[in-house]
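Visitor: My questions will all concern the structure given below.
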Amino acid sequence: MTSVGSLAFDEFGRPFFIVRDQDQKTRLTGIEAQKSHIMAAKSVASTLKTSLGPNGLDKMLVSPDGEVTVTNDGATILSKMDVEHQIAKLLVQLSKSQDDEIGDGTTGVVVLAGALLEHAEGLLDRGIHPIRIADGYEMAARKAVQRLEEIKEAFVVSKDHLEPLIETAMTTLGSKIVNKCHRQMAKIAVDAIMTVADFDRKDVDFELIKVEGKVGGQLEDTMLVKGVIIDKDFSHPQMPKEIKDAKMAILTCPFEPPKPKTTHKLDIKSVEDYKKLKEYENKKFTDMVEQVKATGANLAICQWGFDDEANHLLLQNKLPAIRWVGGPEIELIAIATGGRIVPRFQELTAEKLGKAGIVRELSFGTTKDHMLVIEDCHNSRAVTIFIRGGNKMIIEEAKRSLHDALCVIRNLVRNNHIVYGGGAAEIACALAVSREADKISTIEQYAMRSFSDALESIPMALAENSGLHPIRTLADIKSRQVKEGNPRLGIDCMGKGTNDMKDQHVIETLIGKTQQINLATQLVRMILKIDDIRSQFGQAQ
């Protein structure tokens, strides 16, 4: 008890507890605590707001060990930011939730949550209770989601009708670093998903899509390989660089003489003993190679390494081999080639071999780097996206961009409903929520109007990032949506001369947009209900 405080008694003999280190603890309560939360959320949202949309700016993040990341992906920016405030950390988790579930819209969800809290501050100043604000936001979110259901459109997702999918992927990639060749990237993403998609279950197994990158070349050299690429080369430079009709033995056992599992010691007392040991090792190596060749295999893929002697023996016996192949890569090769992973040489049979049309070695420019491509696989559903770029930063950002595009296409395979982007869906929802607020007789109507204003922060940020006058542009689009009854009208970020997002092919998934509104509203409700912060050493900001 003395470690946390001491027991004392007042003049009437009533006990009370004196807690230690109260001078080193801080406490915020009531409106001060809520203002502190709102300030933290606004600062995080304002950081991301300039990265929203096709003209959004990139952020450069430098880690403590000097590693540089350049990106405009909301989840990546927040995950690499050094965030101290507790509420700001909740926004980081919010963007991660959006990224994990949907894969896209990570910037927009944080901007929306920041705008909701910013407008809640004005309502708190007017004396409205936080619970009434939270309830009003919940009612408004339900109306917004209902409006999205009304304006949604559906299209057939099939391998014969890819253009709408490519247009949706292009919308996702439009704000990324790859936008100079974003139709090519979108087509690669769509082709990859269509190859591995299971249309009966309406799902996509991302384990079958591998993304590899290699510095050099340009983004336009990025390609989709119907097979597997591994960052390895053949174990001996004199082994053939191309193997047709490959039959692969996929081994997780090492190419070396067996060793006892327990601690052991071997005493060699004479030259004869040493020669016997060497003969035994050679015999074991030879037996292993013979066992592999007896099954009809013409390529050995080994998870472990083997020494120069074994390597030389493999070359002599004309059995090409690849060593030090990682666990995930071994599994993907097994899936792609229809082979079985073999843990012991004794279990190797012809039925367990993987089959591929061709295994070839790629070389790059003047470097000595090599990679192996396994193509025309037995199971054609495994694919690899091979990204080229001028430097590591571009390749990493291209990987993140393609991940977003792959997630969006997967969402369309699951649910083929879409809404139109460019702020069109947000403006339509804002108008619907504003109309609904006029029908509410209770104090929640103020919160609903604030929710409507917060939704408009997305199109305003898009207009501002595109060099347009945000308020004038938004007012014009809102009035046109009401007059024409056209919920597809949005911000013309690219200056194409039309505000109809259907003509511009700016498409977003319905589940992505619904998730944005629901996640942001849930977080804001939770934050508004916090009215007391206690922290040590002055951590409450």
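Letters A, B, ... mark the chains of the structure tokens in the order given; residue numbers begin at 1 per chain; ligand numbers begin at 1, in order shown.
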What's the 8 Å shell around segment 416-432 of chain A, counting only C-alpha atoms, without same-chain residues fewer than 4 positions away, as JSON, numbers by chain?
Guide: {"A": [53, 143, 144, 145, 147, 148, 151, 152, 153, 154, 155, 156, 157, 411, 412, 436, 451, 452, 453, 455, 456, 458, 459, 462, 478, 481, 487, 488, 489, 490, 491, 492, 493, 501, 502, 506, 507, 508, 509, 510, 511]}
Visitor: So which bits of segment 274-342 of chain A end up strand (DSSP E or B) when you DSSP the backbone, as number ranges by chain?
Guide: A: 299-302, 321-322, 341-342
Visitor: Quick one: residues within 6 Å of segment 299-314 of chain A, only C-alpha atoms counted, chain neighbours fewer than 4 positions away excluded, as a PyMOL selection string?
Guide: chain A and resi 248-252+254-255+319-325
Visitor: One number please: atom CA of Glu163 of chain A to atom CA of Glu396 of chain A, in Å, one decimal.
Guide: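 We find that atom CA of Glu163 of chain A and atom CA of Glu396 of chain A lie 26.8 Å from each other.
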Visitor: Got a sec: who's within 12 Å of Leu57 of chain A, counting only C-alpha atoms, leaving out chain neighbours fewer than 5 positions off, as number ranges by chain?
Guide: A: 47-52, 70-74, 77, 107, 175-177, 461-462, 464-466
Visitor: Could you turn the residues from that selection into a file that holds N, CA and C atoms, as a compact mmCIF listing (two decimals), in the first residue's frame?
Guide:
```txt
# COMPACT_ATOMS: atom_id res chain seq x y z
N THR A 47 -3.19 17.68 -41.42
CA THR A 47 -1.97 17.15 -42.05
C THR A 47 -2.33 16.33 -43.29
N LEU A 48 -3.42 15.55 -43.18
CA LEU A 48 -3.80 14.66 -44.29
C LEU A 48 -4.62 15.35 -45.35
N LYS A 49 -5.28 16.46 -44.99
CA LYS A 49 -6.23 17.08 -45.92
C LYS A 49 -5.59 17.46 -47.24
N THR A 50 -4.34 17.90 -47.21
CA THR A 50 -3.67 18.32 -48.45
C THR A 50 -3.28 17.14 -49.33
N SER A 51 -3.41 15.90 -48.81
CA SER A 51 -3.07 14.72 -49.61
C SER A 51 -4.30 14.10 -50.28
N LEU A 52 -5.46 14.72 -50.12
CA LEU A 52 -6.71 14.13 -50.61
C LEU A 52 -6.90 14.41 -52.10
N VAL A 70 8.22 8.42 -49.13
CA VAL A 70 7.44 9.47 -49.79
C VAL A 70 6.11 8.84 -50.22
N THR A 71 5.00 9.38 -49.70
CA THR A 71 3.69 8.77 -49.98
C THR A 71 2.58 9.78 -49.77
N ASN A 72 1.41 9.50 -50.36
CA ASN A 72 0.20 10.26 -49.98
C ASN A 72 -0.90 9.31 -49.54
N ASP A 73 -0.52 8.09 -49.18
CA ASP A 73 -1.46 7.12 -48.64
C ASP A 73 -1.70 7.42 -47.16
N GLY A 74 -2.96 7.69 -46.80
CA GLY A 74 -3.29 8.14 -45.45
C GLY A 74 -2.82 7.18 -44.38
N ILE A 77 1.03 7.31 -44.00
CA ILE A 77 1.49 8.56 -43.37
C ILE A 77 1.28 8.48 -41.86
N THR A 107 -7.38 8.27 -46.31
CA THR A 107 -7.23 9.71 -46.08
C THR A 107 -8.59 10.34 -45.81
N SER A 175 -4.70 9.34 -57.66
CA SER A 175 -4.03 10.24 -56.71
C SER A 175 -2.64 9.73 -56.32
N LYS A 176 -2.20 8.65 -56.95
CA LYS A 176 -0.94 8.02 -56.53
C LYS A 176 0.21 8.43 -57.45
N ILE A 177 1.40 8.02 -57.05
CA ILE A 177 2.61 8.35 -57.80
C ILE A 177 2.64 7.65 -59.17
N ALA A 461 -12.08 20.08 -49.73
CA ALA A 461 -10.65 19.77 -49.75
C ALA A 461 -10.21 19.39 -51.16
N LEU A 462 -11.06 18.64 -51.89
CA LEU A 462 -10.73 18.28 -53.28
C LEU A 462 -10.59 19.52 -54.14
N GLU A 464 -9.96 22.64 -53.12
CA GLU A 464 -8.81 23.45 -52.68
C GLU A 464 -7.50 22.85 -53.19
N ASN A 465 -7.37 21.51 -53.13
CA ASN A 465 -6.14 20.85 -53.59
C ASN A 465 -5.98 20.94 -55.10
N SER A 466 -7.09 21.20 -55.81
CA SER A 466 -7.03 21.31 -57.27
C SER A 466 -6.86 22.75 -57.74
```
Visitor: Give the answer as one residue: which of A:Pro64, A:Pro130, A:Val225, A:Glu11 has the shortest atom-to-atom distance to Ala33 of chain A, using only C-alpha atoms?
Guide: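 Closest candidate: A:Pro130.
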Visitor: Measuring atom to atom with only C-alpha atoms, identify which of A:Met39, A:Val110, A:Leu372, A:Leu173 is nearest to Ser401 of chain A.
Guide: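 Smallest distance to Ser401 of chain A is found for A:Leu173.
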Visitor: With only C-alpha atoms as the atoms that count, which of A:Val413, A:Leu7, A:Val373, A:Ile443 lies nearest to Asp233 of chain A?
Guide: A:Val373
Visitor: When you look at Gln86 of chain A with a cut-off of 12 Å (counting only C-alpha atoms), what residues show up, excluding the ones that are within fewer than 2 positions of it in the same chain? I need them as a list in words.
Guide: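 Skipping anything fewer than 2 positions along the chain leaves Ala33, Ser36, His37, Ile38, Met39, Ala40, Ala41, Val44, Asp82, Val83, Glu84, Ala88, Lys89, Leu90, Leu91, Val92, Gln93, Ile527, Ile530, Ile533, Arg534, Ser535, Gln539, Ala540 and Gln541 of chain A.
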Visitor: Kindly save the residues from that selection, with N, CA, C and O atoms included, as an mmCIF file, in the first residue's frame.
Guide:
```
data_model
loop_
_atom_site.group_PDB
_atom_site.id
_atom_site.type_symbol
_atom_site.label_atom_id
_atom_site.label_comp_id
_atom_site.auth_asym_id
_atom_site.auth_seq_id
_atom_site.Cartn_x
_atom_site.Cartn_y
_atom_site.Cartn_z
ATOM 1 N N ALA A 33 -11.332 18.903 -21.547
ATOM 2 C CA ALA A 33 -10.906 17.603 -22.078
ATOM 3 C C ALA A 33 -11.393 17.437 -23.507
ATOM 4 O O ALA A 33 -10.644 16.992 -24.396
ATOM 5 N N SER A 36 -9.452 19.541 -25.880
ATOM 6 C CA SER A 36 -8.118 18.951 -26.093
ATOM 7 C C SER A 36 -8.183 17.855 -27.157
ATOM 8 O O SER A 36 -7.344 17.776 -28.056
ATOM 9 N N HIS A 37 -9.231 16.982 -27.066
ATOM 10 C CA HIS A 37 -9.398 15.916 -28.046
ATOM 11 C C HIS A 37 -9.597 16.486 -29.441
ATOM 12 O O HIS A 37 -8.997 16.019 -30.415
ATOM 13 N N ILE A 38 -10.465 17.488 -29.514
ATOM 14 C CA ILE A 38 -10.813 18.058 -30.826
ATOM 15 C C ILE A 38 -9.589 18.712 -31.462
ATOM 16 O O ILE A 38 -9.344 18.582 -32.654
ATOM 17 N N MET A 39 -8.794 19.403 -30.644
ATOM 18 C CA MET A 39 -7.583 20.058 -31.154
ATOM 19 C C MET A 39 -6.609 19.032 -31.734
ATOM 20 O O MET A 39 -6.043 19.228 -32.825
ATOM 21 N N ALA A 40 -6.430 17.907 -31.032
ATOM 22 C CA ALA A 40 -5.512 16.858 -31.515
ATOM 23 C C ALA A 40 -6.017 16.275 -32.830
ATOM 24 O O ALA A 40 -5.244 16.085 -33.779
ATOM 25 N N ALA A 41 -7.331 15.983 -32.890
ATOM 26 C CA ALA A 41 -7.900 15.385 -34.109
ATOM 27 C C ALA A 41 -7.811 16.351 -35.282
ATOM 28 O O ALA A 41 -7.510 15.946 -36.415
ATOM 29 N N VAL A 44 -4.251 16.381 -36.785
ATOM 30 C CA VAL A 44 -3.957 15.193 -37.599
ATOM 31 C C VAL A 44 -4.691 15.289 -38.940
ATOM 32 O O VAL A 44 -4.124 15.034 -40.005
ATOM 33 N N ASP A 82 5.127 10.112 -35.800
ATOM 34 C CA ASP A 82 5.393 9.914 -34.368
ATOM 35 C C ASP A 82 4.290 10.639 -33.600
ATOM 36 O O ASP A 82 4.394 11.823 -33.291
ATOM 37 N N VAL A 83 3.203 9.922 -33.302
ATOM 38 C CA VAL A 83 2.023 10.535 -32.680
ATOM 39 C C VAL A 83 2.065 10.297 -31.177
ATOM 40 O O VAL A 83 2.212 9.161 -30.721
ATOM 41 N N GLU A 84 1.924 11.377 -30.386
ATOM 42 C CA GLU A 84 1.988 11.284 -28.923
ATOM 43 C C GLU A 84 0.599 11.283 -28.292
ATOM 44 O O GLU A 84 0.335 10.524 -27.373
ATOM 45 N N ALA A 88 -5.135 11.331 -31.019
ATOM 46 C CA ALA A 88 -4.506 11.249 -32.344
ATOM 47 C C ALA A 88 -4.174 9.799 -32.677
ATOM 48 O O ALA A 88 -4.288 9.371 -33.829
ATOM 49 N N LYS A 89 -3.794 9.014 -31.650
ATOM 50 C CA LYS A 89 -3.516 7.590 -31.878
ATOM 51 C C LYS A 89 -4.782 6.847 -32.311
ATOM 52 O O LYS A 89 -4.716 5.904 -33.096
ATOM 53 N N LEU A 90 -5.938 7.277 -31.801
ATOM 54 C CA LEU A 90 -7.203 6.663 -32.231
ATOM 55 C C LEU A 90 -7.464 6.926 -33.708
ATOM 56 O O LEU A 90 -7.999 6.071 -34.419
ATOM 57 N N LEU A 91 -7.084 8.108 -34.196
ATOM 58 C CA LEU A 91 -7.243 8.410 -35.625
ATOM 59 C C LEU A 91 -6.311 7.549 -36.470
ATOM 60 O O LEU A 91 -6.659 7.152 -37.582
ATOM 61 N N VAL A 92 -5.122 7.266 -35.945
ATOM 62 C CA VAL A 92 -4.195 6.366 -36.652
ATOM 63 C C VAL A 92 -4.839 4.985 -36.786
ATOM 64 O O VAL A 92 -4.820 4.367 -37.859
ATOM 65 N N GLN A 93 -5.451 4.517 -35.690
ATOM 66 C CA GLN A 93 -6.125 3.213 -35.732
ATOM 67 C C GLN A 93 -7.341 3.236 -36.652
ATOM 68 O O GLN A 93 -7.675 2.231 -37.285
ATOM 69 N N ILE A 527 -15.206 9.578 -28.922
ATOM 70 C CA ILE A 527 -14.378 10.686 -28.427
ATOM 71 C C ILE A 527 -15.235 11.712 -27.685
ATOM 72 O O ILE A 527 -14.837 12.237 -26.638
ATOM 73 N N ILE A 530 -15.924 11.152 -23.930
ATOM 74 C CA ILE A 530 -14.824 11.220 -22.954
ATOM 75 C C ILE A 530 -14.807 12.629 -22.351
ATOM 76 O O ILE A 530 -14.669 13.622 -23.077
ATOM 77 N N ILE A 533 -9.670 13.174 -18.378
ATOM 78 C CA ILE A 533 -8.381 12.553 -18.730
ATOM 79 C C ILE A 533 -7.463 12.655 -17.524
ATOM 80 O O ILE A 533 -7.257 13.753 -16.990
ATOM 81 N N ARG A 534 -6.916 11.538 -17.119
ATOM 82 C CA ARG A 534 -5.896 11.533 -16.067
ATOM 83 C C ARG A 534 -4.650 10.889 -16.655
ATOM 84 O O ARG A 534 -4.736 9.792 -17.202
ATOM 85 N N SER A 535 -3.544 11.565 -16.541
ATOM 86 C CA SER A 535 -2.307 10.990 -17.087
ATOM 87 C C SER A 535 -1.126 11.409 -16.236
ATOM 88 O O SER A 535 -1.176 12.423 -15.526
ATOM 89 N N GLN A 539 1.137 14.109 -19.545
ATOM 90 C CA GLN A 539 0.903 13.594 -20.890
ATOM 91 C C GLN A 539 -0.376 14.145 -21.504
ATOM 92 O O GLN A 539 -0.535 14.141 -22.697
ATOM 93 N N ALA A 540 -1.365 14.541 -20.707
ATOM 94 C CA ALA A 540 -2.605 15.083 -21.273
ATOM 95 C C ALA A 540 -2.307 16.416 -21.911
ATOM 96 O O ALA A 540 -1.757 17.313 -21.286
ATOM 97 N N GLN A 541 -2.618 16.534 -23.175
ATOM 98 C CA GLN A 541 -2.242 17.740 -23.909
ATOM 99 C C GLN A 541 -3.352 18.788 -23.802
ATOM 100 O O GLN A 541 -4.507 18.460 -23.859
#
```
Visitor: Find the distance between atom CA of Glu101 of chain A and atom CA of Thr172 of chain A and write it in Å to one decimal.
Guide: 15.6 Å
Visitor: Determine which residues of segment 244-321 of chain A DSSP labels as alpha helix (DSSP H) from the backbone of this structure, then write them out as a PyMOL selection string.
Guide: chain A and resi 271-294+308-316
